[in-house]
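The file my_file.tsv comes next; it holds TSV, C-alpha atoms and all ligand atoms.
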```tsv
chain	number	residue	atom	x	y	z
A	18	MET	CA	101.83	-16.12	85.74
A	19	HIS	CA	100.99	-19.71	86.63
A	20	VAL	CA	97.27	-20.50	86.46
A	21	VAL	CA	96.17	-23.48	88.55
A	22	PRO	CA	92.66	-24.87	89.11
A	23	LEU	CA	92.18	-26.19	92.65
A	24	PRO	CA	89.30	-28.68	92.82
A	25	ALA	CA	87.00	-27.78	95.74
A	26	LEU	CA	83.62	-28.79	97.19
A	27	ALA	CA	81.61	-30.97	94.78
A	28	ASP	CA	82.65	-29.60	91.39
A	29	ASN	CA	84.10	-26.11	91.98
A	30	TYR	CA	87.46	-24.80	90.91
A	31	ILE	CA	89.22	-22.20	93.00
A	32	TRP	CA	91.69	-20.51	90.66
A	33	LEU	CA	95.17	-19.98	92.04
A	34	LEU	CA	97.40	-17.54	90.16
A	35	HIS	CA	101.02	-17.18	91.17
A	36	ASP	CA	104.30	-15.79	89.88
A	37	ASP	CA	107.76	-17.41	89.97
A	38	GLY	CA	108.54	-15.50	93.17
A	39	GLY	CA	105.89	-17.38	95.16
A	40	GLN	CA	103.32	-14.58	95.31
A	41	ALA	CA	99.74	-15.80	94.89
A	42	VAL	CA	96.14	-14.71	94.37
A	43	VAL	CA	93.06	-16.91	94.74
A	44	VAL	CA	89.72	-16.42	93.07
A	45	ASP	CA	86.38	-17.51	94.60
A	46	PRO	CA	87.68	-19.58	97.52
A	47	GLY	CA	84.53	-21.46	98.48
A	48	ASP	CA	86.63	-23.51	100.88
A	49	ALA	CA	89.89	-22.53	102.62
A	50	PHE	CA	91.31	-26.04	102.92
A	51	PRO	CA	92.35	-26.67	99.29
A	52	VAL	CA	93.86	-23.17	99.19
A	53	GLU	CA	95.95	-23.67	102.34
A	54	THR	CA	97.04	-27.08	101.08
A	55	ALA	CA	98.14	-25.68	97.71
A	56	LEU	CA	99.92	-22.66	99.24
A	57	LYS	CA	101.89	-24.96	101.54
A	58	ALA	CA	102.69	-27.56	98.88
A	59	ARG	CA	103.93	-24.92	96.44
A	60	GLY	CA	105.60	-22.63	98.98
A	61	LEU	CA	103.40	-19.66	98.09
A	62	GLU	CA	102.38	-16.55	99.97
A	63	LEU	CA	98.74	-15.45	99.57
A	64	ARG	CA	98.58	-11.75	98.63
A	65	ALA	CA	94.98	-11.14	97.52
A	66	ILE	CA	91.53	-12.69	97.17
A	67	LEU	CA	89.23	-11.93	94.22
A	68	LEU	CA	85.50	-12.70	94.37
A	69	THR	CA	83.05	-12.81	91.46
A	70	HIS	CA	79.68	-13.19	93.21
A	71	HIS	CA	77.97	-13.85	96.53
A	72	HIS	CA	77.16	-17.57	96.31
A	73	HIS	CA	78.49	-19.58	99.22
A	74	ASP	CA	80.45	-22.02	97.05
A	75	HIS	CA	82.52	-18.99	95.94
A	76	ILE	CA	83.04	-17.12	99.22
A	77	GLY	CA	82.68	-19.77	101.95
A	78	GLY	CA	86.43	-19.97	102.63
A	79	VAL	CA	87.15	-16.24	102.82
A	80	GLU	CA	86.74	-15.85	106.57
A	81	ALA	CA	89.08	-18.76	107.37
A	82	LEU	CA	91.68	-17.47	104.89
A	83	LEU	CA	91.55	-13.98	106.43
A	84	SER	CA	92.19	-15.45	109.89
A	85	ARG	CA	95.62	-16.58	108.62
A	86	HIS	CA	96.42	-14.10	105.84
A	87	ASN	CA	96.12	-10.33	106.05
A	88	VAL	CA	95.17	-9.68	102.42
A	89	PRO	CA	92.82	-7.43	100.46
A	90	VAL	CA	89.54	-8.95	99.30
A	91	TYR	CA	88.18	-7.57	96.02
A	92	ALA	CA	84.44	-8.06	95.54
A	93	PRO	CA	81.39	-6.61	93.83
A	94	ARG	CA	79.23	-4.04	95.62
A	95	ASP	CA	76.81	-6.47	97.21
A	96	GLU	CA	75.86	-6.56	100.90
A	97	ARG	CA	75.55	-10.32	100.69
A	98	ILE	CA	79.36	-10.48	100.51
A	99	GLY	CA	80.99	-9.72	103.86
A	100	HIS	CA	84.74	-9.40	104.45
A	101	ALA	CA	85.35	-7.40	101.28
A	102	THR	CA	88.02	-4.73	101.64
A	103	GLN	CA	87.88	-3.33	98.08
A	104	ARG	CA	84.54	-2.99	96.33
A	105	VAL	CA	84.91	-2.96	92.55
A	106	ASP	CA	82.53	-2.41	89.69
A	107	ASP	CA	82.44	-2.29	85.92
A	108	GLY	CA	85.39	-0.36	84.47
A	109	ASP	CA	87.49	-0.55	87.63
A	110	VAL	CA	91.01	-1.92	87.46
A	111	VAL	CA	92.55	-4.23	90.04
A	112	LEU	CA	96.27	-3.48	90.24
A	113	LEU	CA	98.43	-5.83	92.28
A	114	ASP	CA	102.16	-5.41	92.83
A	115	ALA	CA	102.79	-8.96	94.04
A	116	PRO	CA	102.14	-10.95	92.01
A	117	GLU	CA	102.39	-8.09	89.51
A	118	ALA	CA	99.03	-8.13	87.77
A	119	ARG	CA	96.34	-5.96	86.27
A	120	PHE	CA	92.73	-7.06	85.88
A	121	ASP	CA	89.88	-5.17	84.28
A	122	VAL	CA	86.58	-5.56	86.11
A	123	ILE	CA	83.63	-6.37	83.87
A	124	ALA	CA	80.05	-6.33	85.20
A	125	VAL	CA	78.32	-9.51	84.01
A	126	PRO	CA	74.78	-9.56	85.44
A	127	GLY	CA	72.74	-12.69	84.75
A	128	HIS	CA	73.63	-15.57	87.08
A	129	THR	CA	73.39	-12.99	89.88
A	130	ILE	CA	72.69	-9.32	89.44
A	131	THR	CA	76.02	-8.09	90.88
A	132	HIS	CA	78.24	-10.76	89.32
A	133	ILE	CA	81.58	-9.46	88.02
A	134	ALA	CA	84.42	-10.98	85.99
A	135	TYR	CA	88.13	-10.15	86.02
A	136	ALA	CA	90.11	-10.05	82.76
A	137	GLY	CA	93.88	-9.64	82.59
A	138	GLN	CA	97.24	-11.43	82.38
A	139	GLY	CA	95.78	-13.43	79.47
A	140	VAL	CA	93.08	-15.00	81.64
A	141	LEU	CA	89.38	-14.46	82.23
A	142	LEU	CA	88.09	-15.25	85.71
A	143	CYS	CA	84.39	-15.48	85.04
A	144	GLY	CA	82.87	-17.30	88.04
A	145	ASP	CA	79.49	-18.79	87.11
A	146	THR	CA	78.86	-16.61	84.02
A	147	LEU	CA	80.64	-18.46	81.21
A	148	PHE	CA	81.25	-22.20	81.46
A	149	SER	CA	82.95	-24.35	78.90
A	150	MET	CA	80.22	-25.09	76.31
A	151	GLY	CA	77.66	-23.59	78.69
A	152	CYS	CA	76.75	-20.65	80.89
A	153	GLY	CA	75.43	-20.03	84.39
A	154	ARG	CA	71.80	-20.40	85.34
A	155	LEU	CA	69.76	-17.21	85.47
A	156	PHE	CA	69.04	-16.93	89.17
A	157	GLU	CA	68.67	-13.14	89.24
A	158	GLY	CA	69.12	-11.65	85.80
A	159	THR	CA	67.15	-11.77	82.56
A	160	PRO	CA	68.15	-13.60	79.37
A	161	SER	CA	68.88	-10.26	77.73
A	162	GLN	CA	71.21	-9.21	80.60
A	163	MET	CA	73.06	-12.53	80.51
A	164	LEU	CA	73.42	-12.46	76.73
A	165	ALA	CA	74.85	-8.92	76.91
A	166	SER	CA	77.27	-10.11	79.61
A	167	LEU	CA	78.38	-13.09	77.51
A	168	ASP	CA	78.77	-10.82	74.47
A	169	ARG	CA	81.26	-8.71	76.41
A	170	LEU	CA	83.27	-11.73	77.50
A	171	ALA	CA	83.18	-13.21	73.99
A	172	ALA	CA	84.72	-10.00	72.63
A	173	LEU	CA	87.99	-10.58	74.54
A	174	PRO	CA	90.98	-11.91	72.54
A	175	GLY	CA	90.54	-15.51	71.32
A	176	ASN	CA	93.70	-16.67	73.09
A	177	THR	CA	92.32	-15.60	76.49
A	178	LEU	CA	92.30	-18.56	78.88
A	179	VAL	CA	88.82	-18.92	80.32
A	180	CYS	CA	88.87	-19.94	84.00
A	181	CYS	CA	85.36	-21.10	84.93
A	182	ALA	CA	84.38	-21.88	88.50
A	183	HIS	CA	82.84	-25.33	87.90
A	184	GLU	CA	83.70	-28.58	86.13
A	185	TYR	CA	80.45	-28.77	84.17
A	186	THR	CA	82.11	-29.24	80.78
A	187	ALA	CA	81.14	-32.82	79.90
A	188	ALA	CA	77.42	-32.35	80.65
A	189	ASN	CA	77.44	-28.97	78.89
A	190	GLY	CA	79.01	-30.63	75.86
A	191	ARG	CA	76.28	-33.28	75.76
A	192	PHE	CA	73.65	-30.54	75.60
A	193	ALA	CA	75.67	-28.57	73.02
A	194	GLN	CA	75.78	-31.64	70.79
A	195	THR	CA	71.98	-31.82	70.79
A	196	VAL	CA	72.00	-28.24	69.45
A	197	GLU	CA	74.82	-28.63	66.91
A	198	PRO	CA	75.32	-32.36	66.31
A	199	SER	CA	77.54	-31.84	63.27
A	200	ASN	CA	79.76	-28.99	64.49
A	201	PRO	CA	83.26	-30.46	63.96
A	202	ALA	CA	84.89	-28.24	66.62
A	203	LEU	CA	82.33	-29.45	69.13
A	204	ILE	CA	82.96	-33.10	68.29
A	205	THR	CA	86.71	-32.59	68.72
A	206	ARG	CA	86.28	-30.76	72.01
A	207	GLN	CA	83.90	-33.41	73.41
A	208	GLN	CA	86.47	-36.13	72.59
A	209	GLU	CA	89.19	-34.14	74.33
A	210	VAL	CA	86.90	-33.55	77.34
A	211	SER	CA	85.99	-37.25	77.61
A	212	ALA	CA	89.67	-38.21	77.63
A	213	LEU	CA	90.50	-35.61	80.29
A	214	ARG	CA	87.58	-36.58	82.53
A	215	ALA	CA	88.39	-40.29	82.17
A	216	HIS	CA	91.63	-39.44	83.99
A	217	ASN	CA	89.83	-37.05	86.36
A	218	ARG	CA	91.77	-34.12	84.88
A	219	PRO	CA	90.35	-30.56	84.60
A	220	THR	CA	88.93	-29.51	81.23
A	221	LEU	CA	89.92	-25.94	82.11
A	222	PRO	CA	91.22	-23.42	81.42
A	223	VAL	CA	90.01	-23.36	77.83
A	224	ALA	CA	90.86	-20.85	75.08
A	225	LEU	CA	88.08	-18.36	74.40
A	226	ALA	CA	88.42	-19.18	70.67
A	227	THR	CA	87.43	-22.79	71.47
A	228	GLU	CA	84.35	-21.49	73.28
A	229	GLN	CA	83.45	-19.27	70.34
A	230	ALA	CA	83.56	-22.37	68.12
A	231	THR	CA	81.70	-24.75	70.45
A	232	ASN	CA	79.57	-22.96	73.06
A	233	PRO	CA	75.95	-22.67	71.85
A	234	PHE	CA	75.32	-19.76	74.25
A	235	LEU	CA	77.98	-17.75	72.34
A	236	ARG	CA	76.64	-18.91	68.98
A	237	THR	CA	73.08	-17.58	68.93
A	238	ASP	CA	73.69	-16.06	65.47
A	239	CYS	CA	74.95	-19.30	63.92
A	240	GLU	CA	72.79	-21.18	61.40
A	241	ASP	CA	72.69	-24.36	63.50
A	242	VAL	CA	71.40	-22.49	66.56
A	243	ILE	CA	68.84	-20.59	64.49
A	244	ALA	CA	67.65	-23.91	63.01
A	245	TRP	CA	67.53	-25.54	66.47
A	246	SER	CA	65.45	-22.61	67.73
A	247	ARG	CA	62.98	-22.93	64.84
A	248	ARG	CA	62.57	-26.62	65.65
A	249	HIS	CA	61.73	-25.52	69.21
A	250	GLY	CA	59.11	-23.08	67.97
A	251	ILE	CA	61.24	-19.95	68.44
A	252	ASP	CA	61.14	-17.50	65.60
A	253	GLY	CA	62.39	-14.44	67.49
A	254	ASP	CA	65.67	-12.60	67.84
A	255	ARG	CA	68.92	-13.79	69.39
A	256	VAL	CA	67.68	-13.00	72.91
A	257	ALA	CA	64.73	-15.33	72.28
A	258	ARG	CA	67.13	-17.99	70.97
A	259	PHE	CA	69.39	-17.55	73.98
A	260	ALA	CA	66.41	-17.79	76.37
A	261	ALA	CA	65.26	-20.99	74.64
A	262	LEU	CA	68.75	-22.53	74.90
A	263	ARG	CA	68.94	-21.64	78.59
A	264	ALA	CA	65.43	-22.95	79.34
A	265	ASN	CA	66.11	-26.23	77.54
A	266	LYS	CA	69.48	-26.67	79.27
A	267	ASP	CA	67.77	-26.09	82.65
A	268	VAL	CA	65.73	-29.27	82.15
A	269	PHE	CA	68.28	-31.26	80.13
A	270	SER	CA	69.47	-34.51	81.61
A	271	GLY	CA	71.76	-36.21	79.16
B	301	ZN	ZN	76.98	-19.18	91.62
B	302	FE	FE	79.01	-21.67	91.75
```
Can you present the structure in this file as structure tokens?
Amino acid sequence: MHVVPLPALADNYIWLLHDDGGQAVVVDPGDAFPVETALKARGLELRAILLTHHHHDHIGGVEALLSRHNVPVYAPRDERIGHATQRVDDGDVVLLDAPEARFDVIAVPGHTITHIAYAGQGVLLCGDTLFSMGCGRLFEGTPSQMLASLDRLAALPGNTLVCCAHEYTAANGRFAQTVEPSNPALITRQQEVSALRAHNRPTLPVALATEQATNPFLRTDCEDVIAWSRRHGIDGDRVARFAALRANKDVFSG
């Protein structure tokens, strides 16, 4: 399976997955235009749309795509998402015959309450839940829900390619370095990210193992994060540390 990030809107990625036979799936098409352009340029046929959550920058292009392509739309059970043909929830499996693919649906409440992720074919399509070196803002869920969601994603195989829905990596890395300034994996990743962004190239997908080594929101049990929390007056459990990281990132401008 080919895994291609399509830049869209301000800083979104619409993920395009396709096989060698020209059969394609798109994930979170916030805009139809980059999808149509990529399908045409690559000679692909759209066969399915996968949605992770209801925000407009993830579903805004669905209606226009459906006017040209008669395809199933997989989405969480949430009335705020129209045009869905297949509602899926935690534990469901999305089976496609073209491109041939199987994705496990994982409920990941936090950024929104009905947010889901799709894991399969060696990739994780996680919307606005897990970002490289960061995570989504808590618009609807609690810190404890989001941490539990991230725990489930972090338990996938380390070679899983994480396909996040935004290019937030460089700013996330700057915050991560304030938490763990001497984490060597983080320093290496930030250098790689700077080089990629200098050429306007995507920093994604990224291996889950890299996230486990660099993403402070996946590292709430690490000594550096515990020490950072103490310096911020937090002496609680990992949920308290996670909540403090999230609250500090919310107001970080580095
Ligand atoms: Zn969102
Ligand atoms: Fe988004």
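Each of A:Gly108, A:Gly77, A:Gly175, A:Pro89 was compared to Val223 in chain A using only C-alpha atoms, and A:Gly175 turns out to be the nearest.
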Contacts between ligand FE 302 (chain B) and chain A, please, where a residue of chain A counts if it comes within 10 Å (with only C-alpha atoms and all ligand atoms); show its shortest atom pair and distance in Å to one decimal, rows by chain and ascending number, as a Markdown table.
```
| residue | atom | partner | partner_atom | distance |
| --- | --- | --- | --- | --- |
| A:Asp28 | CA | B:FE302 | FE | 8.7 |
| A:Asn29 | CA | B:FE302 | FE | 6.8 |
| A:Tyr30 | CA | B:FE302 | FE | 9.1 |
| A:Asp45 | CA | B:FE302 | FE | 8.9 |
| A:Gly47 | CA | B:FE302 | FE | 8.7 |
| A:Thr69 | CA | B:FE302 | FE | 9.7 |
| A:His70 | CA | B:FE302 | FE | 8.6 |
| A:His71 | CA | B:FE302 | FE | 9.2 |
| A:His72 | CA | B:FE302 | FE | 6.4 |
| A:His73 | CA | B:FE302 | FE | 7.8 |
| A:Asp74 | CA | B:FE302 | FE | 5.5 |
| A:His75 | CA | B:FE302 | FE | 6.1 |
| A:Ile76 | CA | B:FE302 | FE | 9.6 |
| A:His128 | CA | B:FE302 | FE | 9.4 |
| A:Gly144 | CA | B:FE302 | FE | 6.9 |
| A:Asp145 | CA | B:FE302 | FE | 5.5 |
| A:Thr146 | CA | B:FE302 | FE | 9.2 |
| A:Gly153 | CA | B:FE302 | FE | 8.3 |
| A:Arg154 | CA | B:FE302 | FE | 9.7 |
| A:Cys181 | CA | B:FE302 | FE | 9.3 |
| A:Ala182 | CA | B:FE302 | FE | 6.3 |
| A:His183 | CA | B:FE302 | FE | 6.5 |
```
Problem - Which of A:Ala244, A:Thr54, A:Ala187, A:Ser211 sits closest to Ser270 in chain A [using all atoms listed in the file] - result: A:Ala187
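Using all atoms listed in the file, the shortest contact distance between ligand ZN 301 (chain B) and any of A:Leu155, A:Val79, A:His35, A:Asn87 is found at A:Leu155.
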Fill in the blank from the handout: In terms of only C-alpha atoms, the residue from A:Val110, A:Met18, A:Ala165, A:Ile133 at minimal distance from Arg255 in chain A is A:Ala165
